[in-house]
>>> print(open('upload_36.cif').read())   # mmCIF, C-alpha atoms and all ligand atoms
data_protein
#
loop_
_atom_site.label_atom_id
_atom_site.label_comp_id
_atom_site.auth_asym_id
_atom_site.auth_seq_id
_atom_site.Cartn_x
_atom_site.Cartn_y
_atom_site.Cartn_z
CA MET A 1 -1.00 13.50 33.55
CA GLN A 2 -0.48 10.56 31.17
CA ARG A 3 1.41 7.65 32.75
CA LEU A 4 2.64 4.57 30.92
CA VAL A 5 4.74 1.72 32.31
CA ILE A 6 6.63 -0.48 29.86
CA ARG A 7 6.96 -3.65 31.91
CA ASN A 8 9.71 -6.29 32.08
CA GLY A 9 11.61 -5.53 28.89
CA LEU A 10 15.15 -6.38 27.87
CA LEU A 11 16.38 -2.80 27.76
CA ILE A 12 19.29 -1.64 25.66
CA ASP A 13 20.36 1.84 26.63
CA THR A 14 22.90 3.66 24.48
CA GLU A 15 24.29 6.36 26.76
CA PRO A 16 27.08 6.74 27.61
CA GLU A 17 27.81 3.32 26.03
CA PRO A 18 25.41 0.56 24.99
CA VAL A 19 24.39 -1.47 28.04
CA VAL A 20 21.84 -4.30 28.44
CA ARG A 21 19.40 -4.32 31.39
CA PRO A 22 17.18 -7.43 31.54
CA GLY A 23 13.82 -7.37 33.35
CA HIS A 24 13.59 -3.59 33.53
CA ASP A 25 10.65 -1.20 33.31
CA ILE A 26 10.35 2.30 31.89
CA LEU A 27 7.94 4.82 33.39
CA VAL A 28 6.75 7.41 30.89
CA VAL A 29 5.01 10.55 32.15
CA ASP A 30 3.53 13.00 29.65
CA GLY A 31 5.62 11.60 26.83
CA ARG A 32 8.98 11.72 28.63
CA ILE A 33 11.01 9.01 30.35
CA ALA A 34 10.46 9.54 34.10
CA ALA A 35 12.16 6.45 35.57
CA VAL A 36 14.02 3.31 34.49
CA GLY A 37 14.41 0.28 36.75
CA PRO A 38 12.99 -3.05 37.88
CA ASP A 39 9.49 -3.29 39.41
CA LEU A 40 8.46 0.34 39.01
CA PRO A 41 5.10 1.22 40.63
CA ALA A 42 2.31 1.35 38.06
CA ALA A 43 -0.57 2.94 40.02
CA GLY A 44 -2.77 4.91 37.65
CA ALA A 45 -0.64 4.01 34.66
CA THR A 46 -1.35 2.15 31.45
CA VAL A 47 0.84 -0.97 31.33
CA LEU A 48 2.54 -2.19 28.16
CA ASP A 49 3.90 -5.71 28.67
CA ALA A 50 7.41 -5.94 27.20
CA THR A 51 8.10 -9.56 28.19
CA ASP A 52 10.14 -11.19 25.40
CA ARG A 53 10.80 -7.78 23.90
CA ILE A 54 14.00 -5.82 23.41
CA VAL A 55 13.32 -2.16 24.23
CA LEU A 56 15.57 0.34 22.46
CA PRO A 57 15.63 4.08 21.99
CA GLY A 58 14.14 4.92 18.57
CA PHE A 59 16.62 5.20 15.72
CA VAL A 60 17.69 8.58 14.34
CA ASP A 61 18.08 8.92 10.56
CA THR A 62 20.26 11.99 10.08
CA HIS A 63 19.91 12.34 6.31
CA ARG A 64 17.15 11.30 3.92
CA HIS A 65 15.61 12.81 0.79
CA THR A 66 12.19 11.56 1.82
CA TRP A 67 10.41 13.00 -1.23
CA GLN A 68 12.04 10.31 -3.41
CA THR A 69 10.13 7.37 -1.94
CA ALA A 70 8.15 6.75 -5.17
CA LEU A 71 11.47 6.17 -6.95
CA ARG A 72 12.47 3.17 -4.85
CA GLY A 73 15.18 1.09 -6.46
CA ILE A 74 15.28 2.86 -9.81
CA ALA A 75 18.92 3.89 -9.37
CA ALA A 76 20.12 0.62 -7.84
CA ASP A 77 22.99 0.39 -10.32
CA ALA A 78 23.72 4.11 -10.68
CA ASP A 79 26.88 5.86 -9.61
CA LEU A 80 26.69 9.38 -8.19
CA GLY A 81 26.81 11.11 -11.57
CA GLU A 82 24.10 8.91 -13.06
CA TYR A 83 21.91 9.39 -9.98
CA LEU A 84 22.29 13.19 -10.17
CA ASP A 85 21.41 13.20 -13.87
CA LEU A 86 18.43 10.84 -13.65
CA VAL A 87 16.82 11.69 -10.32
CA LEU A 88 17.71 15.34 -9.69
CA GLY A 89 18.19 16.42 -13.32
CA ARG A 90 15.33 14.70 -15.11
CA ILE A 91 12.78 13.36 -12.63
CA ALA A 92 12.76 16.01 -9.86
CA PRO A 93 11.43 18.85 -12.10
CA ARG A 94 8.36 16.71 -12.81
CA TYR A 95 7.41 16.63 -9.11
CA ARG A 96 4.14 18.34 -8.22
CA PRO A 97 3.23 19.28 -4.62
CA SER A 98 1.04 16.15 -4.47
CA ASP A 99 4.04 13.98 -5.40
CA VAL A 100 6.08 15.60 -2.62
CA TYR A 101 3.25 14.95 -0.18
CA THR A 102 2.84 11.29 -1.10
CA GLY A 103 6.55 10.52 -1.22
CA THR A 104 7.26 12.29 2.06
CA LEU A 105 4.31 10.69 3.87
CA VAL A 106 5.08 7.15 2.71
CA GLY A 107 8.80 7.62 3.38
CA ALA A 108 8.15 8.88 6.90
CA LEU A 109 5.74 6.00 7.61
CA GLU A 110 8.30 3.55 6.23
CA ALA A 111 10.91 5.05 8.56
CA LEU A 112 8.59 4.75 11.58
CA ALA A 113 7.74 1.15 10.70
CA SER A 114 11.45 0.32 10.79
CA GLY A 115 11.94 1.94 14.19
CA ILE A 116 13.23 5.33 13.02
CA THR A 117 11.49 7.81 15.31
CA THR A 118 13.52 10.90 14.36
CA LEU A 119 14.08 11.75 10.71
CA GLN A 120 16.14 14.52 9.16
CA ASP A 121 14.31 15.23 5.91
CA PHE A 122 16.66 16.98 3.45
CA SER A 123 13.88 18.28 1.22
CA HIS A 124 15.65 19.79 -1.80
CA VAL A 125 12.64 19.71 -4.08
CA GLN A 126 11.21 23.15 -3.33
CA TYR A 127 10.07 24.27 -6.77
CA SER A 128 7.17 26.30 -5.34
CA ALA A 129 5.50 27.33 -2.10
CA GLY A 130 3.07 24.46 -2.61
CA HIS A 131 5.92 21.96 -2.62
CA ALA A 132 7.18 23.16 0.78
CA ASP A 133 3.69 23.24 2.29
CA ALA A 134 3.11 19.67 1.08
CA ALA A 135 6.36 18.37 2.58
CA VAL A 136 5.68 19.91 6.00
CA SER A 137 2.06 18.68 6.00
CA ALA A 138 3.16 15.13 5.13
CA LEU A 139 5.74 15.01 7.93
CA ARG A 140 3.16 16.27 10.43
CA ALA A 141 0.56 13.75 9.19
CA SER A 142 2.95 10.82 9.63
CA GLY A 143 3.45 11.24 13.38
CA ILE A 144 7.25 11.05 13.14
CA ARG A 145 9.65 13.43 14.89
CA ALA A 146 11.33 15.26 12.05
CA VAL A 147 13.74 18.00 11.17
CA PHE A 148 12.45 19.48 7.92
CA ALA A 149 15.40 21.00 6.07
CA TYR A 150 14.23 23.36 3.36
CA GLY A 151 16.35 23.00 0.24
CA ALA A 152 16.25 24.36 -3.28
CA PRO A 153 16.54 21.95 -6.23
CA VAL A 154 20.19 21.18 -7.03
CA PHE A 155 19.79 22.23 -10.66
CA GLY A 156 18.14 25.59 -10.06
CA PRO A 157 18.69 29.15 -8.92
CA GLY A 158 19.12 28.40 -5.19
CA PRO A 159 16.79 29.04 -2.28
CA ASP A 160 14.54 32.08 -2.29
CA GLN A 161 15.16 34.05 0.90
CA TYR A 162 11.57 35.33 1.11
CA GLU A 163 10.15 31.84 0.66
CA ILE A 164 12.36 30.45 3.45
CA ARG A 165 11.05 33.17 5.74
CA ARG A 166 7.45 32.48 4.68
CA VAL A 167 7.77 28.75 5.42
CA PHE A 168 9.27 29.51 8.81
CA ARG A 169 6.59 32.08 9.65
CA GLU A 170 3.63 30.02 8.48
CA HIS A 171 4.65 26.58 9.70
CA PHE A 172 7.23 26.89 12.48
CA ALA A 173 7.20 30.26 14.25
CA GLY A 174 6.40 29.74 17.91
CA SER A 175 5.51 26.05 17.57
CA ALA A 176 7.43 23.34 19.38
CA GLY A 177 5.74 20.29 17.87
CA LEU A 178 7.35 17.11 16.56
CA VAL A 179 8.47 18.77 13.32
CA THR A 180 11.05 21.55 13.40
CA MET A 181 12.72 23.51 10.62
CA ALA A 182 16.27 23.68 9.34
CA LEU A 183 17.94 24.89 6.16
CA ALA A 184 19.58 22.76 3.47
CA PRO A 185 21.63 25.27 1.47
CA SER A 186 23.71 24.18 -1.53
CA GLY A 187 26.88 25.07 0.39
CA PRO A 188 30.46 25.68 -0.72
CA SER A 189 30.72 22.49 -2.81
CA TYR A 190 27.85 23.47 -5.09
CA SER A 191 27.40 27.24 -4.98
CA PRO A 192 29.58 30.37 -5.08
CA MET A 193 30.65 31.93 -1.78
CA ALA A 194 28.37 34.94 -2.33
CA ALA A 195 25.36 32.60 -2.32
CA VAL A 196 26.77 30.70 0.67
CA ARG A 197 27.00 33.96 2.64
CA ARG A 198 23.38 34.82 1.76
CA ASP A 199 22.09 31.38 2.80
CA TRP A 200 24.09 31.40 6.05
CA ALA A 201 22.70 34.84 6.89
CA VAL A 202 19.06 33.77 6.61
CA ALA A 203 19.71 30.60 8.64
CA THR A 204 21.36 32.68 11.35
CA ALA A 205 18.55 35.25 11.34
CA LEU A 206 15.91 32.54 11.82
CA GLY A 207 17.99 30.41 14.22
CA LEU A 208 18.00 27.39 11.87
CA ARG A 209 20.53 24.54 11.92
CA MET A 210 22.11 23.86 8.51
CA TYR A 211 22.56 20.60 6.61
CA VAL A 212 25.15 20.83 3.87
CA HIS A 213 26.15 18.30 1.20
CA ILE A 214 29.91 18.08 0.70
CA GLY A 215 30.81 16.97 -2.81
CA SER A 216 33.23 14.19 -3.53
CA GLY A 217 36.03 14.72 -6.03
CA PRO A 218 37.16 17.99 -7.52
CA VAL A 219 34.05 20.13 -6.83
CA ALA A 220 35.89 22.03 -4.12
CA THR A 221 38.92 20.56 -2.46
CA ARG A 222 38.83 22.77 0.62
CA PRO A 223 35.12 23.58 1.23
CA ILE A 224 35.51 23.54 5.02
CA GLY A 225 38.56 25.79 4.88
CA GLU A 226 36.57 28.16 2.62
CA LEU A 227 33.81 28.37 5.22
CA ARG A 228 36.26 28.89 8.06
CA GLY A 229 38.10 31.58 6.15
CA SER A 230 34.80 33.42 5.72
CA GLY A 231 33.85 33.07 9.39
CA LEU A 232 30.98 30.72 8.51
CA LEU A 233 32.11 27.49 10.19
CA ASP A 234 30.44 26.73 13.52
CA ALA A 235 28.76 24.03 15.61
CA ASN A 236 25.37 24.72 14.02
CA ILE A 237 26.20 22.78 10.83
CA THR A 238 25.81 19.11 9.93
CA PHE A 239 27.86 18.23 6.86
CA VAL A 240 26.75 15.30 4.71
CA HIS A 241 29.21 12.81 3.14
CA GLY A 242 32.64 14.35 2.54
CA ASN A 243 34.45 11.04 1.94
CA SER A 244 37.17 12.78 -0.05
CA LEU A 245 37.88 15.50 2.53
CA PRO A 246 41.55 15.51 3.61
CA ASP A 247 42.39 15.16 7.31
CA GLY A 248 43.06 18.89 7.60
CA GLU A 249 39.43 19.61 6.67
CA LEU A 250 38.15 17.05 9.19
CA ALA A 251 40.30 18.69 11.87
CA LEU A 252 38.56 22.01 11.15
CA ILE A 253 35.13 20.35 11.52
CA ALA A 254 36.21 18.84 14.84
CA GLU A 255 37.61 22.13 16.09
CA ALA A 256 34.36 23.95 15.25
CA GLY A 257 32.19 21.30 16.95
CA ALA A 258 30.21 20.73 13.74
CA ALA A 259 28.78 17.30 12.92
CA VAL A 260 28.89 14.94 9.94
CA SER A 261 26.11 12.72 8.64
CA ILE A 262 27.33 9.72 6.68
CA ALA A 263 25.35 7.38 4.41
CA PRO A 264 27.58 4.30 4.32
CA ALA A 265 25.26 2.24 2.09
CA VAL A 266 24.85 4.96 -0.55
CA GLU A 267 28.47 6.07 -0.33
CA ALA A 268 29.67 2.52 -1.04
CA THR A 269 27.14 1.86 -3.79
CA MET A 270 27.51 5.18 -5.62
CA GLY A 271 31.26 5.39 -5.21
CA HIS A 272 31.65 8.45 -3.00
CA GLY A 273 35.02 7.21 -1.77
CA ALA A 274 36.45 5.23 1.11
CA PRO A 275 34.20 4.72 4.16
CA MET A 276 34.83 7.57 6.59
CA VAL A 277 33.30 6.30 9.82
CA GLY A 278 36.68 5.40 11.32
CA ARG A 279 38.31 8.67 10.27
CA LEU A 280 35.48 10.70 11.80
CA ARG A 281 35.79 8.69 14.99
CA GLY A 282 39.55 9.25 14.97
CA HIS A 283 38.96 13.01 14.78
CA GLY A 284 36.32 12.89 17.54
CA ILE A 285 33.64 14.31 15.23
CA THR A 286 29.96 13.88 16.15
CA THR A 287 28.62 11.47 13.54
CA GLY A 288 25.18 10.19 12.55
CA LEU A 289 23.90 7.71 9.96
CA GLY A 290 21.60 8.53 7.03
CA VAL A 291 19.64 6.37 4.61
CA ASP A 292 19.97 9.21 2.05
CA VAL A 293 18.04 7.80 -0.94
CA VAL A 294 15.76 4.79 -1.38
CA THR A 295 16.36 5.06 -5.14
CA THR A 296 19.50 3.08 -4.35
CA VAL A 297 19.45 1.49 -0.87
CA ALA A 298 16.99 0.13 1.69
CA GLY A 299 15.13 2.65 3.83
CA ASP A 300 15.51 0.97 7.24
CA MET A 301 18.10 1.49 9.97
CA PHE A 302 18.91 -2.21 10.35
CA SER A 303 20.21 -2.36 6.76
CA LEU A 304 22.11 0.86 7.36
CA MET A 305 23.71 -0.39 10.58
CA ARG A 306 24.82 -3.50 8.72
CA ALA A 307 26.28 -1.44 5.88
CA THR A 308 28.16 0.68 8.43
CA LEU A 309 29.57 -2.35 10.24
CA LEU A 310 30.58 -4.14 7.03
CA THR A 311 32.09 -1.21 5.12
CA GLY A 312 33.64 0.36 8.25
CA ARG A 313 36.56 -2.05 8.21
CA PHE A 314 37.68 -0.87 4.77
CA GLY A 315 38.34 2.77 5.66
CA ASP A 316 41.11 4.39 7.69
CA GLY A 317 40.85 4.95 11.44
CA PRO A 318 39.47 2.67 14.14
CA ARG A 319 37.08 -0.01 12.90
CA PRO A 320 33.58 0.43 14.39
CA THR A 321 32.24 -2.24 16.74
CA ALA A 322 28.57 -3.29 16.89
CA ALA A 323 28.17 -1.10 19.98
CA ASP A 324 29.67 1.87 18.10
CA VAL A 325 27.23 1.31 15.25
CA LEU A 326 24.24 1.19 17.62
CA ARG A 327 25.37 4.48 19.13
CA LEU A 328 25.71 6.01 15.66
CA ALA A 329 22.13 4.92 14.90
CA THR A 330 20.74 6.43 18.11
CA VAL A 331 22.43 8.83 20.53
CA ASP A 332 25.22 9.98 18.22
CA GLY A 333 22.66 10.62 15.48
CA ALA A 334 20.64 12.69 17.94
CA ALA A 335 23.75 14.75 18.72
CA ALA A 336 24.40 15.22 14.99
CA LEU A 337 20.96 16.86 14.73
CA GLY A 338 21.50 19.03 17.81
CA LEU A 339 18.89 16.93 19.67
CA ALA A 340 21.13 15.09 22.15
CA ASP A 341 19.18 16.43 25.12
CA GLN A 342 15.86 15.25 23.62
CA VAL A 343 16.20 11.79 22.06
CA GLY A 344 18.56 8.89 21.30
CA SER A 345 18.84 7.09 24.66
CA LEU A 346 16.80 5.92 27.66
CA ARG A 347 18.07 8.69 29.94
CA VAL A 348 15.46 10.08 32.35
CA GLY A 349 14.01 13.33 31.02
CA LYS A 350 14.31 12.44 27.36
CA GLN A 351 11.38 11.95 25.01
CA ALA A 352 9.93 8.43 25.18
CA ASP A 353 10.75 7.56 21.56
CA LEU A 354 11.05 3.79 21.83
CA VAL A 355 11.14 0.62 19.74
CA LEU A 356 10.11 -2.85 20.92
CA LEU A 357 11.49 -5.91 19.07
CA ARG A 358 10.21 -9.48 19.51
CA THR A 359 13.02 -11.71 20.82
CA THR A 360 10.88 -14.75 20.01
CA ASP A 361 11.14 -14.28 16.24
CA LEU A 362 13.27 -16.95 14.56
CA ASN A 363 16.00 -14.58 13.41
CA LEU A 364 16.51 -13.28 16.97
CA LEU A 365 16.35 -16.62 18.81
CA GLY A 366 19.66 -17.28 20.53
CA GLY A 367 20.40 -13.56 20.57
CA LEU A 368 20.04 -13.04 24.30
CA ALA A 369 23.72 -13.67 25.02
CA ASP A 370 24.62 -10.43 23.23
CA PRO A 371 21.50 -8.44 22.38
CA VAL A 372 23.54 -5.50 21.02
CA GLY A 373 25.33 -7.78 18.58
CA ALA A 374 22.04 -9.46 17.66
CA VAL A 375 20.22 -6.19 16.96
CA VAL A 376 23.05 -4.82 14.81
CA THR A 377 23.79 -8.01 12.85
CA ALA A 378 20.45 -9.84 12.67
CA ALA A 379 17.33 -7.77 13.40
CA HIS A 380 15.05 -6.37 10.69
CA PRO A 381 11.89 -4.25 10.51
CA GLY A 382 9.71 -7.40 10.61
CA ASN A 383 10.75 -7.92 14.25
CA ILE A 384 9.17 -4.65 15.35
CA ASP A 385 6.29 -5.05 17.76
CA THR A 386 5.61 -1.45 18.83
CA VAL A 387 7.01 2.00 18.04
CA LEU A 388 6.39 4.93 20.39
CA VAL A 389 6.97 8.61 19.65
CA ALA A 390 6.74 10.86 22.72
CA GLY A 391 5.19 7.94 24.60
CA ARG A 392 2.42 7.38 22.05
CA PRO A 393 2.22 4.24 19.86
CA VAL A 394 2.33 5.05 16.15
CA GLY A 395 0.82 3.01 13.36
CA ILE A 396 3.35 0.74 11.69
CA ALA A 397 1.08 -0.50 8.90
CA GLY A 398 0.39 2.17 6.30
CA PRO A 399 -3.15 2.83 5.05
CA ALA A 400 -3.99 0.73 1.98
CA ASP A 401 -4.80 3.73 -0.22
CA LEU A 402 -1.16 4.86 -0.02
CA ALA A 403 -0.14 2.05 -2.38
CA GLU A 404 -2.36 3.46 -5.09
CA ALA A 405 -1.27 7.04 -4.41
CA ILE A 406 2.43 6.23 -4.64
CA ALA A 407 2.02 4.11 -7.78
CA SER A 408 0.21 6.92 -9.51
CA SER A 409 2.81 9.46 -8.35
CA ALA A 410 5.61 7.21 -9.61
CA ALA A 411 3.92 6.88 -12.98
CA HIS A 412 3.68 10.67 -13.29
CA VAL A 413 7.16 11.65 -12.19
CA THR A 414 8.85 9.00 -14.31
CA ASP A 415 6.52 9.79 -17.20
CA GLY A 416 5.31 6.20 -17.07
CA THR A 417 8.31 5.01 -19.02
CA VAL A 418 10.75 3.84 -16.38
CA PRO A 419 10.09 0.44 -14.84
CA VAL A 420 9.39 1.32 -11.25
CA CYS A 421 9.63 -2.03 -9.58
CA GLY A 422 11.46 -5.29 -9.89
CA THR A 423 13.80 -4.34 -12.70
CA HIS A 424 16.69 -2.01 -13.44
CA PHE A 425 16.54 1.57 -14.58
CA ARG A 426 17.52 2.01 -18.19
CA PRO A 427 18.94 5.44 -19.00
CA GLY A 428 17.27 7.21 -21.89
CA LEU A 429 13.75 6.02 -21.19
CA ILE A 430 12.74 9.33 -19.69
CA ARG A 431 11.93 12.19 -22.00
CA PRO A 432 13.91 15.34 -21.09
ZN ZN A 501 21.92 13.60 0.25
#
>>> encode(input="upload_36.cif", output="structure tokens", more="lines below")
Ligand SMILES: [Zn+2]
Amino acid sequence: MQRLVIRNGLLIDTEPEPVVRPGHDILVVDGRIAAVGPDLPAAGATVLDATDRIVLPGFVDTHRHTWQTALRGIAADADLGEYLDLVLGRIAPRYRPSDVYTGTLVGALEALASGITTLQDFSHVQYSAGHADAAVSALRASGIRAVFAYGAPVFGPGPDQYEIRRVFREHFAGSAGLVTMALAPSGPSYSPMAAVRRDWAVATALGLRMYVHIGSGPVATRPIGELRGSGLLDANITFVHGNSLPDGELALIAEAGAAVSIAPAVEATMGHGAPMVGRLRGHGITTGLGVDVVTTVAGDMFSLMRATLLTGRFGDGPRPTAADVLRLATVDGAAALGLADQVGSLRVGKQADLVLLRTTDLNLLGGLADPVGAVVTAAHPGNIDTVLVAGRPVGIAGPADLAEAIASSAAHVTDGTVPVCGTHFRPGLIRP
């Protein structure tokens, strides 16, 4: 039996509401939280001193296209249409399995280093069996807890039913490791209902949760109603975005018990529509936060929490507080992935996925009066001292050879013609 005591931390639990507990310990037994309280007995346990540390549940990123890590910042000025054309239309088809591996590995390590311990990887770059194998291998190599959602390229024929079954059989059947499988079908905004029915059937047959992009604008004005009318709307779906959905559609999501993943930074930058965090809250819909794409926004949860807090006041519905935002980044995100009983808070019995932040760093000094407010408004990945997944510390400094691997991948997938760093993307530099 592996026992670990995290000693004398400033705990922030998130369930049922964010609460601060100074001078508390956490006992971890075999990777799970076994007790929380002051002065826990430590006989036979390894002790991790958390004096001058905030101890939080690990963050949950509910939507990221992790394969795009080599394209960081190249679509900083792009709207949604320009992003789709450049990244999914022109660059994605150049991806080889090795590019998927490198991008996914570095993206997952980046997430871990910023305190994200659970990642929903919406991997819609499956051009071949090798691509899928590479993505799964990279997630497993990183040490992160991940939901790998198999997705076909947006500009392509849609997912191959036999390939989905092969990936499930070869990588996920019978295993209950840190990486689990889901499906990322094109859904009613981007594919005909006949294809939607086929995709839903395979997900149901394999018991996979579904992650589904909802288009903004006139793609389909009633995609949720379409699903409901076909008997395909249930609690096993996490929709992504949907800023332009009318209230009637949100009411159907709420009634079905489905969840929504929002990407407030990307949605504001790319022009998806008004921030929807308040509307979702008003409808009582389970909601999580997603980085979405590092082509356009930062890949850490602190930036994303800030974007949520700042943009949240400009949408309809109740304005989110700092405590609301911390919940969205942790326990609500876990619920949006169907993992509420596993991660997202410090409740006894949950996985010991934890983040320790130094309160002695300059940007957190003076933050002890309201640690929740300080974490949401002021903390950044540089404050992270330790990250634990299932009670085990994970490396938060990537191996040096990854820099070379990702630079070479970036040069290949952009054909060496797009400036990759420190400048703006210029349309037309990539050969079709
Ligand atoms: Zn997305």
>>> closest_residue(input="upload_36.cif", among="A:Glu110, A:Glu249, A:Asp353, A:Asp199", to="A:Gly395", atoms="all atoms listed in the file")
A:Glu110
>>> residues_near_ligand(input="upload_36.cif", ligand="ligand ZN 501 (chain A)", cutoff="7 Å", atoms="all atoms listed in the file", output="ChimeraX atom specification")
/A:63-65,213,240,292
>>> closest_residue(input="upload_36.cif", among="A:Arg96, A:Arg327, A:Arg392, A:Arg72", to="A:Phe59", atoms="all atoms listed in the file")
A:Arg327
>>> residues_around(input="upload_36.cif", residues="A:Val196", least_positions_apart="6", cutoff="10 Å", atoms="only C-alpha atoms", output="VMD selection string")
chain A and resid 158 185 to 190 227 230 232
>>> residues_around(input="upload_36.cif", residues="stretch 274-288 of chain A", least_positions_apart="4", cutoff="9 Å", atoms="all atoms listed in the file", output="JSON, numbers by chain")
{"A": [60, 61, 62, 63, 238, 241, 242, 243, 244, 247, 250, 251, 253, 254, 255, 257, 258, 259, 260, 261, 262, 263, 264, 267, 268, 308, 311, 312, 313, 314, 315, 316, 317, 318, 319, 320, 327, 328, 329, 330, 331, 332, 333, 334, 335, 336, 337]}
>>> closest_atom_pairs(input="upload_36.cif", of="stretch 147-259 of chain A", to="stretch 102-109 of chain A", cutoff="12 Å", atoms="all atoms listed in the file", output="JSON lines")
{"residue": "A:Val147", "atom": "CA", "partner": "A:Ala108", "partner_atom": "CA", "distance": 11.5}
{"residue": "A:Phe148", "atom": "CA", "partner": "A:Thr104", "partner_atom": "CA", "distance": 10.6}
{"residue": "A:Val179", "atom": "CA", "partner": "A:Ala108", "partner_atom": "CA", "distance": 11.8}
>>> residues_around(input="upload_36.cif", residues="A:Ala379", least_positions_apart="2", cutoff="7 Å", atoms="only C-alpha atoms", output="list in words")
Phe302, Asn363, Leu364, Ala374, Val375, Val376, Thr377 and Asn383 of chain A
>>> residues_near_point(input="upload_36.cif", point="(2.5, 4.3, -8.4)", cutoff="12 Å", atoms="only C-alpha atoms", output="PyMOL selection string")
chain A and resi 69-72+99+102-103+106+401-416+418-421
>>> residues_around(input="upload_36.cif", residues="stretch 77-87 of chain A", least_positions_apart="3", cutoff="7 Å", atoms="all atoms listed in the file", output="VMD selection string")
chain A and resid 90 to 92 270 to 271
>>> closest_residue(input="upload_36.cif", among="A:Gly290, A:Val154, A:Ala134, A:Ala195", to="A:Val167", atoms="only C-alpha atoms")
A:Ala134
>>> atom_distance(input="upload_36.cif", atom1="atom CA of A:Ala129", atom2="atom CA of A:Ala205")
20.3 Å
>>> decode(input="upload_36.cif", residues="stretch 379-410 of chain A", atoms="C-alpha atoms", output="mmCIF file, in the first residue's frame")
data_model
loop_
_atom_site.group_PDB
_atom_site.id
_atom_site.type_symbol
_atom_site.label_atom_id
_atom_site.label_comp_id
_atom_site.auth_asym_id
_atom_site.auth_seq_id
_atom_site.Cartn_x
_atom_site.Cartn_y
_atom_site.Cartn_z
ATOM 1 C CA ALA A 379 -1.664 32.879 -10.531
ATOM 2 C CA HIS A 380 0.213 31.497 -13.540
ATOM 3 C CA PRO A 381 1.987 28.255 -14.487
ATOM 4 C CA GLY A 382 5.301 29.611 -13.138
ATOM 5 C CA ASN A 383 3.881 29.361 -9.598
ATOM 6 C CA ILE A 384 3.501 25.600 -9.840
ATOM 7 C CA ASP A 385 5.655 23.653 -7.423
ATOM 8 C CA THR A 386 4.342 20.097 -7.832
ATOM 9 C CA VAL A 387 1.698 18.327 -9.915
ATOM 10 C CA LEU A 388 0.374 14.906 -8.893
ATOM 11 C CA VAL A 389 -1.674 12.519 -11.009
ATOM 12 C CA ALA A 390 -3.173 9.603 -9.055
ATOM 13 C CA GLY A 391 -0.868 10.511 -6.169
ATOM 14 C CA ARG A 392 2.307 10.393 -8.260
ATOM 15 C CA PRO A 393 4.395 13.500 -9.049
ATOM 16 C CA VAL A 394 4.705 14.130 -12.781
ATOM 17 C CA GLY A 395 7.534 15.904 -14.538
ATOM 18 C CA ILE A 396 6.758 19.549 -15.231
ATOM 19 C CA ALA A 397 9.870 20.290 -17.283
ATOM 20 C CA GLY A 398 9.771 18.670 -20.715
ATOM 21 C CA PRO A 399 12.770 16.749 -22.070
ATOM 22 C CA ALA A 400 15.107 19.005 -24.074
ATOM 23 C CA ASP A 401 14.874 16.927 -27.255
ATOM 24 C CA LEU A 402 11.175 17.824 -27.551
ATOM 25 C CA ALA A 403 12.101 21.351 -28.654
ATOM 26 C CA GLU A 404 13.924 19.988 -31.670
ATOM 27 C CA ALA A 405 11.172 17.479 -32.450
ATOM 28 C CA ILE A 406 8.414 20.080 -32.392
ATOM 29 C CA ALA A 407 10.408 22.590 -34.451
ATOM 30 C CA SER A 408 11.022 19.999 -37.116
ATOM 31 C CA SER A 409 7.366 18.925 -37.078
ATOM 32 C CA ALA A 410 6.262 22.558 -37.392
#
